[in-house]
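As provided, coords_30.cif (mmCIF, C-alpha atoms) reads as follows.
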data_work
loop_
_atom_site.label_atom_id
_atom_site.label_comp_id
_atom_site.auth_asym_id
_atom_site.auth_seq_id
_atom_site.Cartn_x
_atom_site.Cartn_y
_atom_site.Cartn_z
CA MET A 294 -17.97 14.27 -19.49
CA THR A 295 -19.88 12.31 -16.84
CA ILE A 296 -17.87 9.67 -15.02
CA ALA A 297 -19.49 7.23 -12.63
CA VAL A 298 -17.27 5.56 -10.06
CA ILE A 299 -19.22 2.58 -8.78
CA ASN A 300 -19.41 2.62 -5.00
CA SER A 301 -18.79 -1.04 -4.35
CA GLY A 302 -18.47 -0.35 -0.64
CA GLY A 303 -14.76 -1.15 -0.47
CA ALA A 304 -12.05 0.91 1.15
CA ASN A 305 -10.25 3.90 -0.42
CA LEU A 306 -12.67 4.52 -3.30
CA GLY A 307 -11.95 8.18 -2.68
CA SER A 308 -8.48 7.74 -4.20
CA VAL A 309 -9.96 7.14 -7.66
CA VAL A 310 -12.12 10.26 -7.34
CA HIS A 311 -9.08 12.28 -6.21
CA ALA A 312 -7.04 10.99 -9.18
CA LEU A 313 -9.77 12.02 -11.61
CA ASN A 314 -9.95 15.43 -9.92
CA ARG A 315 -6.21 15.88 -10.48
CA LEU A 316 -6.88 15.27 -14.19
CA GLY A 317 -9.53 17.97 -14.08
CA ALA A 318 -12.35 15.44 -14.49
CA GLU A 319 -15.31 15.43 -12.18
CA SER A 320 -16.79 12.13 -11.15
CA LEU A 321 -19.67 10.78 -9.20
CA LEU A 322 -19.26 8.06 -6.55
CA THR A 323 -22.53 6.19 -6.93
CA ARG A 324 -24.45 2.93 -6.72
CA ASP A 325 -27.48 4.30 -8.55
CA ALA A 326 -28.27 2.16 -11.62
CA ASP A 327 -29.60 5.06 -13.70
CA GLU A 328 -26.59 7.27 -12.94
CA ILE A 329 -24.25 4.44 -13.88
CA ARG A 330 -26.09 3.65 -17.13
CA ALA A 331 -26.20 7.33 -18.12
CA ALA A 332 -22.49 8.03 -17.47
CA GLU A 333 -20.12 8.36 -20.42
CA ARG A 334 -17.39 6.51 -18.53
CA VAL A 335 -17.78 3.97 -15.75
CA ILE A 336 -15.07 2.88 -13.32
CA LEU A 337 -15.37 -0.21 -11.14
CA PRO A 338 -12.73 0.11 -8.43
CA GLY A 339 -12.33 -2.36 -5.65
CA VAL A 340 -10.34 -3.29 -2.65
CA GLY A 341 -11.39 -6.28 -0.60
CA ALA A 342 -12.47 -9.84 -1.27
CA ALA A 343 -14.20 -11.02 -4.45
CA ALA A 344 -17.13 -12.81 -2.77
CA TRP A 345 -17.78 -9.82 -0.53
CA ALA A 346 -17.64 -7.35 -3.46
CA MET A 347 -19.95 -9.48 -5.63
CA ASN A 348 -22.44 -9.59 -2.76
CA ALA A 349 -22.28 -5.82 -2.50
CA LEU A 350 -22.97 -5.48 -6.24
CA ARG A 351 -25.80 -8.01 -6.04
CA GLU A 352 -27.42 -6.28 -3.07
CA ALA A 353 -27.25 -2.95 -4.89
CA GLY A 354 -28.89 -4.61 -7.93
CA LEU A 355 -25.88 -3.74 -10.09
CA VAL A 356 -24.78 -7.10 -11.51
CA GLU A 357 -26.96 -6.91 -14.62
CA VAL A 358 -26.44 -3.15 -14.85
CA VAL A 359 -22.67 -3.57 -15.14
CA ARG A 360 -23.00 -6.52 -17.54
CA GLY A 361 -25.21 -4.43 -19.80
CA LEU A 362 -22.99 -1.33 -20.04
CA ASP A 363 -21.85 -0.38 -23.55
CA GLN A 364 -19.80 2.76 -22.79
CA PRO A 365 -16.10 2.43 -21.90
CA VAL A 366 -15.76 0.71 -18.50
CA LEU A 367 -12.53 0.48 -16.49
CA GLY A 368 -12.06 -2.07 -13.72
CA ILE A 369 -9.31 -1.44 -11.18
CA CYS A 370 -7.58 -4.13 -9.07
CA LEU A 371 -10.42 -6.25 -7.64
CA GLY A 372 -12.57 -4.61 -10.34
CA LEU A 373 -10.45 -6.44 -12.95
CA GLN A 374 -10.90 -9.74 -11.15
CA LEU A 375 -14.68 -9.27 -10.98
CA PHE A 376 -14.81 -9.06 -14.81
CA PHE A 377 -13.85 -12.76 -14.99
CA GLU A 378 -16.19 -15.75 -14.60
CA ARG A 379 -15.05 -16.95 -11.21
CA SER A 380 -12.58 -16.22 -8.47
CA GLU A 381 -10.88 -18.75 -6.24
CA GLU A 382 -11.12 -16.11 -3.52
CA GLY A 383 -14.16 -17.27 -1.55
CA ASP A 384 -15.11 -19.41 -4.59
CA ALA A 385 -17.07 -16.46 -5.95
CA GLU A 386 -19.10 -16.32 -9.13
CA CYS A 387 -18.12 -13.05 -10.79
CA LEU A 388 -19.49 -10.92 -13.65
CA GLY A 389 -18.46 -13.29 -16.45
CA LEU A 390 -17.55 -10.54 -18.91
CA ILE A 391 -14.22 -12.21 -19.67
CA PRO A 392 -13.69 -15.99 -19.75
CA GLY A 393 -11.43 -17.46 -17.10
CA THR A 394 -10.94 -17.99 -13.39
CA VAL A 395 -9.01 -15.73 -11.04
CA GLU A 396 -6.44 -17.71 -9.05
CA GLN A 397 -4.35 -17.20 -5.95
CA LEU A 398 -0.86 -15.95 -6.75
CA ARG A 399 1.91 -18.42 -6.04
CA ALA A 400 5.06 -16.61 -4.96
CA GLY A 401 8.41 -17.93 -6.13
CA PRO A 402 11.47 -18.28 -3.92
CA GLY A 403 12.36 -15.01 -2.19
CA GLN A 404 9.02 -13.48 -3.17
CA ARG A 405 6.33 -12.34 -0.82
CA LEU A 406 2.55 -12.33 -0.81
CA PRO A 407 0.62 -10.10 -1.14
CA HIS A 408 2.35 -8.83 -4.29
CA MET A 409 2.78 -5.35 -2.87
CA GLY A 410 4.83 -2.67 -4.56
CA TRP A 411 5.93 -1.26 -7.90
CA ASN A 412 6.35 -3.53 -10.90
CA GLN A 413 6.72 -3.25 -14.66
CA LEU A 414 4.47 -4.49 -17.45
CA ALA A 415 5.04 -6.42 -20.64
CA TRP A 416 2.58 -5.08 -23.22
CA THR A 417 1.36 -7.87 -25.52
CA ASP A 418 -0.65 -5.24 -27.38
CA PRO A 419 1.38 -2.02 -27.28
CA ASP A 420 -1.26 -0.42 -29.53
CA ASP A 421 -3.96 -0.71 -26.89
CA PRO A 422 -5.44 2.76 -26.35
CA LEU A 423 -4.61 2.57 -22.61
CA ALA A 424 -0.90 2.32 -23.53
CA ARG A 425 -0.88 5.56 -25.51
CA GLY A 426 2.09 7.74 -24.60
CA LEU A 427 3.78 5.04 -22.50
CA SER A 428 7.24 3.77 -23.37
CA GLY A 429 6.61 0.38 -21.76
CA ASP A 430 9.25 0.86 -19.03
CA GLU A 431 6.93 2.53 -16.55
CA TRP A 432 6.37 1.24 -13.04
CA PHE A 433 2.90 0.66 -11.61
CA TYR A 434 1.75 0.08 -8.06
CA PHE A 435 0.27 -3.35 -7.32
CA VAL A 436 -1.26 -4.76 -4.18
CA HIS A 437 -3.05 -8.08 -4.51
CA SER A 438 -2.94 -11.78 -3.65
CA PHE A 439 -5.16 -13.09 -6.46
CA ALA A 440 -4.64 -12.64 -10.19
CA ALA A 441 -6.32 -13.24 -13.54
CA PRO A 442 -5.11 -15.48 -16.40
CA VAL A 443 -3.23 -13.88 -19.29
CA ASP A 444 -5.48 -15.09 -22.16
CA HIS A 445 -7.23 -11.73 -22.61
CA ALA A 446 -4.38 -9.58 -21.36
CA VAL A 447 -3.03 -6.69 -23.39
CA ALA A 448 -0.30 -6.34 -20.77
CA THR A 449 1.07 -8.87 -18.31
CA CYS A 450 3.13 -8.71 -15.15
CA GLU A 451 5.06 -11.35 -13.25
CA HIS A 452 5.28 -12.23 -9.58
CA GLY A 453 5.84 -15.92 -9.07
CA MET A 454 3.68 -16.47 -12.15
CA ARG A 455 2.68 -14.39 -15.15
CA PHE A 456 -0.72 -12.77 -14.74
CA ALA A 457 -2.95 -10.22 -16.45
CA ALA A 458 -1.96 -6.63 -15.67
CA VAL A 459 -4.30 -5.03 -18.23
CA VAL A 460 -7.19 -6.84 -19.92
CA ARG A 461 -9.60 -5.74 -22.58
CA ARG A 462 -12.72 -7.19 -24.10
CA GLY A 463 -14.76 -4.79 -26.20
CA ASN A 464 -15.73 -1.77 -24.12
CA PHE A 465 -14.53 -3.43 -20.90
CA ALA A 466 -10.92 -2.78 -19.92
CA ALA A 467 -9.28 -3.26 -16.56
CA CYS A 468 -5.95 -3.01 -14.80
CA GLN A 469 -4.70 -5.06 -11.88
CA PHE A 470 -2.47 -2.23 -10.66
CA HIS A 471 -3.79 0.97 -9.12
CA PRO A 472 -3.47 3.74 -11.72
CA GLU A 473 -4.69 6.22 -9.10
CA LYS A 474 -1.62 5.38 -6.98
CA SER A 475 0.92 4.92 -9.77
CA ALA A 476 2.22 8.50 -10.02
CA ALA A 477 2.59 9.97 -13.52
CA ALA A 478 2.34 6.62 -15.34
CA GLY A 479 -0.96 5.82 -13.66
CA ALA A 480 -2.33 9.28 -14.38
CA ARG A 481 -1.49 8.69 -18.04
CA VAL A 482 -3.48 5.42 -18.09
CA LEU A 483 -6.48 7.14 -16.50
CA ALA A 484 -6.22 10.03 -18.96
CA ASN A 485 -6.06 7.51 -21.81
CA PHE A 486 -9.24 5.90 -20.52
CA LEU A 487 -11.02 9.27 -20.43
CA ASP A 488 -9.79 9.99 -23.98
CA LEU A 489 -11.13 6.72 -25.48
CA MET B 29 10.35 -7.88 -10.85
CA VAL B 30 8.96 -5.92 -7.94
CA ALA B 31 11.15 -2.97 -6.97
CA VAL B 32 12.39 -2.36 -3.44
CA ARG B 33 10.50 0.47 -1.79
CA LEU B 34 12.06 3.61 -0.32
CA ILE B 35 9.67 4.96 2.25
CA PRO B 36 10.05 8.32 3.97
CA CYS B 37 8.34 8.23 7.34
CA LEU B 38 6.65 11.38 8.50
CA ASP B 39 5.96 11.55 12.21
CA VAL B 40 2.91 13.70 12.74
CA ARG B 41 2.13 15.67 15.85
CA ASP B 42 -0.89 17.98 15.95
CA GLY B 43 -1.06 18.04 12.16
CA ARG B 44 2.65 18.91 11.62
CA VAL B 45 5.58 16.71 10.65
CA VAL B 46 8.16 16.30 13.43
CA LYS B 47 11.24 14.16 14.02
CA GLY B 48 12.96 13.15 17.22
CA VAL B 49 16.03 11.16 18.14
CA ARG B 50 15.43 7.88 19.95
CA PHE B 51 11.77 8.85 20.13
CA ARG B 52 12.50 12.03 22.16
CA ASP B 53 13.01 15.73 21.54
CA HIS B 54 10.74 16.25 18.57
CA ARG B 55 11.65 19.04 16.17
CA GLU B 56 9.26 20.45 13.59
CA MET B 57 10.02 19.50 9.99
CA GLY B 58 7.21 21.20 8.08
CA ASP B 59 3.75 21.02 6.59
CA ILE B 60 2.36 17.54 5.83
CA VAL B 61 0.96 18.16 2.36
CA GLU B 62 4.03 20.13 1.29
CA LEU B 63 6.45 17.42 2.43
CA ALA B 64 4.27 14.65 0.98
CA GLY B 65 4.24 16.42 -2.38
CA ARG B 66 7.99 16.92 -2.30
CA TYR B 67 8.62 13.23 -1.65
CA ARG B 68 6.17 12.21 -4.36
CA ASP B 69 8.03 14.40 -6.86
CA GLU B 70 11.40 13.01 -5.77
CA GLY B 71 10.27 9.44 -6.43
CA ALA B 72 9.45 8.12 -2.96
CA ASP B 73 7.70 4.79 -3.49
CA GLU B 74 5.36 5.13 -0.57
CA LEU B 75 4.86 7.30 2.50
CA VAL B 76 4.10 6.42 6.08
CA PHE B 77 2.48 8.90 8.44
CA TYR B 78 2.77 8.11 12.12
CA ASP B 79 0.52 10.12 14.37
CA ILE B 80 2.93 9.81 17.28
CA THR B 81 0.64 11.45 19.81
CA ALA B 82 -2.51 9.50 19.01
CA SER B 83 -1.64 6.15 20.55
CA PRO B 84 -0.19 7.21 23.93
CA GLN B 85 -3.01 9.72 24.39
CA ARG B 86 -5.54 6.99 23.55
CA ARG B 87 -7.13 9.09 20.83
CA SER B 88 -7.82 8.37 17.17
CA VAL B 89 -5.97 9.77 14.21
CA ASP B 90 -7.38 13.00 12.82
CA VAL B 91 -8.69 12.24 9.29
CA ALA B 92 -8.72 15.82 8.00
CA TRP B 93 -5.03 15.77 7.06
CA VAL B 94 -5.38 12.23 5.65
CA GLU B 95 -7.91 13.57 3.18
CA LYS B 96 -5.66 16.49 2.23
CA VAL B 97 -2.74 14.14 1.57
CA ALA B 98 -4.94 11.79 -0.49
CA ALA B 99 -6.15 14.65 -2.65
CA ALA B 100 -2.61 15.87 -3.24
CA ILE B 101 -0.48 12.80 -3.95
CA ASP B 102 -0.71 9.82 -6.31
CA ILE B 103 1.52 7.31 -4.55
CA PRO B 104 0.40 4.90 -1.84
CA PHE B 105 0.52 5.91 1.79
CA CYS B 106 -0.07 4.30 5.12
CA VAL B 107 -1.43 5.88 8.27
CA ALA B 108 -0.49 4.78 11.75
CA GLY B 109 -1.34 5.96 15.22
CA GLY B 110 -4.36 5.43 17.38
CA ILE B 111 -6.19 3.00 15.10
CA ARG B 112 -7.79 0.65 17.57
CA ASN B 113 -10.99 -0.48 15.86
CA VAL B 114 -12.55 -1.20 12.47
CA ALA B 115 -14.55 2.04 12.46
CA THR B 116 -11.47 4.25 12.80
CA ALA B 117 -9.59 2.22 10.20
CA ARG B 118 -12.53 2.60 7.83
CA ALA B 119 -12.55 6.37 8.33
CA VAL B 120 -8.82 6.55 7.55
CA LEU B 121 -9.08 4.29 4.48
CA HIS B 122 -12.14 6.15 3.21
CA ALA B 123 -10.23 9.40 3.63
CA GLY B 124 -7.83 7.98 1.03
CA ALA B 125 -5.11 6.07 2.88
CA ASP B 126 -4.11 2.78 1.26
CA LYS B 127 -3.15 0.99 4.41
CA VAL B 128 -3.45 1.35 8.12
CA SER B 129 -0.68 0.38 10.48
CA VAL B 130 -1.40 -0.83 13.97
CA ASN B 131 1.13 -1.19 16.75
CA SER B 132 0.23 -0.55 20.40
CA PRO B 133 -3.53 -1.28 20.02
CA ALA B 134 -2.71 -4.63 18.39
CA LEU B 135 -0.61 -5.53 21.42
CA GLU B 136 -3.52 -4.56 23.65
CA ARG B 137 -5.94 -6.67 21.64
CA PRO B 138 -4.35 -8.92 18.96
CA GLN B 139 -7.80 -9.80 17.58
CA LEU B 140 -7.84 -6.28 16.09
CA ILE B 141 -5.51 -7.53 13.35
CA SER B 142 -7.97 -10.23 12.21
CA GLU B 143 -10.90 -7.83 12.41
CA LEU B 144 -9.08 -5.40 10.13
CA ALA B 145 -7.95 -8.14 7.73
CA GLU B 146 -11.48 -9.47 7.51
CA ALA B 147 -13.00 -6.05 6.92
CA PHE B 148 -10.49 -4.67 4.40
CA GLY B 149 -8.24 -7.53 3.32
CA SER B 150 -4.73 -8.28 4.58
CA GLN B 151 -3.19 -5.96 1.99
CA CYS B 152 -4.54 -2.97 3.95
CA VAL B 153 -3.22 -4.16 7.30
CA VAL B 154 0.31 -3.31 8.34
CA VAL B 155 1.59 -4.20 11.77
CA GLY B 156 4.30 -1.96 13.16
CA ILE B 157 6.58 -3.55 15.72
CA ASP B 158 8.93 -1.63 17.99
CA SER B 159 11.64 -4.06 18.92
CA ILE B 160 14.46 -3.61 21.41
CA ARG B 161 17.46 -5.77 22.25
CA ASP B 162 17.40 -7.17 25.76
CA GLY B 163 20.56 -9.23 26.18
CA GLN B 164 20.21 -12.09 23.71
CA ALA B 165 16.47 -11.56 23.36
CA LEU B 166 14.44 -9.28 21.11
CA ARG B 167 11.56 -7.73 22.98
CA VAL B 168 8.54 -5.73 21.87
CA ARG B 169 7.79 -2.28 23.29
CA GLN B 170 4.42 -0.52 23.44
CA TYR B 171 3.45 3.19 23.45
CA THR B 172 6.91 4.20 22.28
CA GLY B 173 5.55 7.55 21.05
CA ASP B 174 5.67 8.73 24.65
CA PRO B 175 8.84 7.56 26.43
CA ASP B 176 7.37 8.32 29.87
CA ASN B 177 4.47 5.94 29.31
CA MET B 178 6.27 3.22 27.35
CA VAL B 179 5.06 -0.26 28.25
CA ASP B 180 6.72 -3.68 28.17
CA PRO B 181 4.02 -6.01 26.84
CA ARG B 182 6.24 -8.99 27.74
CA ARG B 183 6.50 -10.44 24.29
CA ASP B 184 9.42 -11.69 22.22
CA THR B 185 9.66 -10.04 18.81
CA GLU B 186 9.92 -13.41 16.99
CA HIS B 187 6.72 -14.74 18.54
CA TRP B 188 4.85 -11.53 17.89
CA VAL B 189 5.99 -11.55 14.22
CA GLU B 190 4.61 -15.07 13.83
CA GLU B 191 1.37 -14.28 15.62
CA VAL B 192 0.55 -11.15 13.63
CA GLN B 193 1.01 -13.06 10.36
CA ARG B 194 -1.30 -15.80 11.60
CA LEU B 195 -3.88 -13.13 12.47
CA GLY B 196 -3.78 -11.66 8.96
CA ALA B 197 -1.13 -8.92 8.82
CA GLY B 198 -0.27 -8.13 5.19
CA GLU B 199 3.00 -6.37 5.95
CA ILE B 200 5.32 -5.85 8.88
CA VAL B 201 7.35 -2.74 9.67
CA LEU B 202 10.10 -3.69 12.08
CA ASN B 203 11.44 -0.68 13.91
CA CYS B 204 14.69 -1.59 15.59
CA MET B 205 14.67 0.84 18.51
CA ASP B 206 18.35 0.59 19.40
CA ALA B 207 19.21 1.86 15.91
CA ASP B 208 16.46 4.45 15.59
CA GLY B 209 17.54 8.02 14.96
CA VAL B 210 21.26 7.40 15.48
CA ARG B 211 22.13 6.92 11.79
CA THR B 212 24.63 4.11 12.23
CA GLY B 213 22.82 1.72 9.90
CA TYR B 214 19.87 -0.63 10.01
CA ASP B 215 20.02 -3.51 12.47
CA ILE B 216 20.90 -6.05 9.77
CA ALA B 217 21.31 -9.01 12.11
CA GLN B 218 17.89 -8.45 13.67
CA LEU B 219 16.15 -7.84 10.35
CA ASP B 220 17.74 -10.89 8.76
CA HIS B 221 16.69 -12.97 11.77
CA ILE B 222 13.10 -11.74 11.45
CA ARG B 223 13.10 -12.06 7.64
CA ALA B 224 13.46 -15.81 8.03
CA ARG B 225 10.21 -15.79 10.03
CA CYS B 226 8.28 -13.37 7.83
CA ARG B 227 6.34 -14.52 4.75
CA VAL B 228 4.68 -11.14 4.13
CA PRO B 229 6.53 -8.00 2.99
CA LEU B 230 8.99 -6.77 5.62
CA ILE B 231 9.98 -3.13 5.92
CA ALA B 232 13.16 -2.12 7.75
CA SER B 233 12.96 0.88 10.04
CA GLY B 234 15.49 2.68 12.20
CA GLY B 235 19.10 3.59 11.66
CA ALA B 236 19.55 4.84 8.08
CA GLY B 237 22.46 7.28 7.95
CA ASN B 238 23.96 6.97 4.49
CA GLU B 239 23.49 5.29 1.09
CA GLN B 240 25.54 2.24 2.03
CA HIS B 241 23.08 1.45 4.84
CA PHE B 242 20.28 1.08 2.30
CA LEU B 243 22.39 -1.19 0.09
CA ASP B 244 23.34 -3.30 3.12
CA VAL B 245 19.78 -3.80 4.31
CA PHE B 246 18.49 -4.80 0.86
CA GLU B 247 21.44 -7.11 0.15
CA GLN B 248 21.92 -8.63 3.57
CA ALA B 249 18.45 -8.69 5.14
CA ASP B 250 16.38 -9.12 1.94
CA VAL B 251 13.76 -6.63 3.11
CA ASP B 252 11.07 -5.40 0.71
CA GLY B 253 11.38 -1.78 1.69
CA ALA B 254 13.41 0.59 3.82
CA LEU B 255 11.86 3.32 5.87
CA ALA B 256 13.76 6.40 6.96
CA ALA B 257 13.03 9.87 8.25
CA THR B 258 15.97 12.05 9.27
CA VAL B 259 18.22 11.41 6.28
CA PHE B 260 15.39 12.26 3.90
CA HIS B 261 13.90 15.19 5.82
CA SER B 262 17.29 16.84 6.31
CA GLY B 263 18.12 16.54 2.61
CA GLN B 264 21.27 14.58 3.45
CA ILE B 265 20.11 11.82 1.10
CA ALA B 266 18.14 12.74 -2.00
CA ILE B 267 15.89 9.93 -3.16
CA PRO B 268 16.64 10.24 -6.92
CA GLU B 269 20.39 9.94 -6.31
CA LEU B 270 19.91 7.14 -3.80
CA LYS B 271 17.86 5.22 -6.36
CA ARG B 272 20.44 5.69 -9.09
CA TRP B 273 23.21 4.67 -6.71
CA LEU B 274 21.35 1.51 -5.62
CA THR B 275 20.42 0.64 -9.21
CA GLY B 276 24.09 0.89 -10.17
CA ARG B 277 24.78 -1.74 -7.52
CA GLY B 278 22.22 -4.24 -8.73
CA ILE B 279 19.22 -3.31 -6.58
CA VAL B 280 15.93 -3.07 -8.51
CA THR B 281 14.39 0.33 -7.85
CA ARG B 282 11.64 2.31 -9.54
CA VAL B 283 13.60 4.87 -11.54
#

Written as C-alpha cells, how would this file's structure read?
Amino acid sequence: MTIAVINSGGANLGSVVHALNRLGAESLLTRDADEIRAAERVILPGVGAAAWAMNALREAGLVEVVRGLDQPVLGICLGLQLFFERSEEGDAECLGLIPGTVEQLRAGPGQRLPHMGWNQLAWTDPDDPLARGLSGDEWFYFVHSFAAPVDHAVATCEHGMRFAAVVRRGNFAACQFHPEKSAAAGARVLANFLDL
Amino acid sequence: MVAVRLIPCLDVRDGRVVKGVRFRDHREMGDIVELAGRYRDEGADELVFYDITASPQRRSVDVAWVEKVAAAIDIPFCVAGGIRNVATARAVLHAGADKVSVNSPALERPQLISELAEAFGSQCVVVGIDSIRDGQALRVRQYTGDPDNMVDPRRDTEHWVEEVQRLGAGEIVLNCMDADGVRTGYDIAQLDHIRARCRVPLIASGGAGNEQHFLDVFEQADVDGALAATVFHSGQIAIPELKRWLTGRGIVTRV
C-alpha cells in the first residue's frame, strides 16, 4: 500500500512516519501533488498555527489537491482543524471540507491551556471504522489550544468545552489527538485507518 | 478529564542515561532506547531527556539518539539541553521530539522563548526552571548541570515564571533544587506558590521518594504532572502500581 504523509512543513512530521513504520507500513513524506494523488492513503499531519500551515499548503499548490482527494484521508491535530472552513487562529481560511469554524479552547476552573496530556473520548458513533477494536475507555494524547465544533464528530472530548476528537465526512476523517503518540490505542486507530 | 502525567526524567550524558544526587556524582543507569522502551511499556505518560552536559559546555544536543528514541517509542517526549536557537530546536523536533525544553539559554536570552513559540507554537515550548530557596526568596539558578560553573542570573523564580508565560512558554517544569535527589518529597509549598502564578501546565520536579509524595503533590499543589528519576530508575516505584495506587485515592491517571 502507498501512503503519502503530506509534508506541511511543521515540526515532528517524522513521528507519523515512525508510527507507520512500527505498523510495518512504509510511507512517503512528500509535498508532490502527483505522489499525493496517486497514494492509496493520505495523511495530513500538522503542528503549528493554522494560518501558517494553510500558507504552506497554498505555496506548495496543495489546497485544491487535498480538496480533490477521493481515497481515505486522515488529518491529525492541526490537520483536523484545517479540514474545517475557518480557524480563529490567525483568522485563517481553511480547506472547507467540513462545515464549521475552529475556535480557541476556553479552559474551565482549574484547567490549563494548552490542553496537553492524555484524555478519554466519548464515541458518538462507536461503529466508525476508526473505532474498531477499541473499548471506548482508551486514553489518547492531546496537545492543542484550538478545537473544532462537535457537529461532525464521531467522537468528542472535553476540556473546558466539548470539542471534536474524531470527525468524519465521506473519505475525510481526522483526529484531534496524536495517534502516533498515543501508545497502543493510537496505533490501533492508525491501523484501522490503513485497513479502511 | 485530562489525566495527571507521570514523567520519568532521563539525564543524558554522552548518549547514556545517568543520575546524580543534588546534580553531582553521576552514575550510569543504562541505554537510552532500552530505558525509554521500558518506561513506555510500564505506562509512563511522557519522557523527558535532559542532555546535562550540553548546556554548560555550550554545545547543542546530539540528535542521533533523539531519532532512535522517536523510532522506538509511541508516547510523547521532550528534549532539553543546549537548545539555544530555532535551528537547533527544529533539528530536535524534526528528529521526532514533541517538545523542546529550554532553561539556561532562555535566561541568557529570554527572547529565545518567543522565537520558539512563534516558529513551532507554544505547545512545543517547555521552560525548565531550576529554583533554589534563598531565605524567604525563591531564586533561579543557571547551568546547574555543572555545579562548578553554576550561575546566579539574579532573578526571582516568581518573576521568571510570569515572564516566560508572557513570552510564550506552553509548559513549565519547576525543579526545586533543595529537594532534588534527596527523596524527601516534592517542595509542595513552593509548587503551590508557583501554581497560583502559572496558567500553563506545571510539572513538579525534584524530591520524589515514595508513592505518598506523588499523591501529595497532585492533591496539594495541583500540578499537571510529576517528574522523577531515581525512584523510577532504581525500580523502587513501579509506574503501573503507582498509577493504581493514585487512582484508588481519587487521582485521575491513564490506566

* Pull out every residue of chain B that has at least one atom within 7 Å of chain A, counting all atoms listed in the file, and report them as number ranges by chain. => B: 29-31, 98-99, 102-104, 118, 121-126, 148-149, 151, 198, 227-229, 282

* To do: Would you list the contacts of Arg169 in chain B as a ChimeraX atom specification, taking every protein, DNA or RNA residue within 9 Å and counting only C-alpha atoms, but skipping same-chain residues closer than 6 positions in sequence?
  => /B:132,157-160,178-183,205

* Asked: For the atom pair CA of Gly156 in chain B and CA of Ala266 in chain B, what is the interatomic distance in Å to one decimal place?
  -> 25.2 Å

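Put simply, CA of Val356 in chain A is 16.4 Å away from CA of Ala332 in chain A.
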
* To do: Would you kindly translate the PyMOL selection byres ((chain A and resi 369-375) around 9) into the concrete residues it picks from this file, as a PyMOL selection string?
  => chain A and resi 336-343+346-347+367-368+376-380+386-390+394-395+435-437+439-441+458-460+466-472
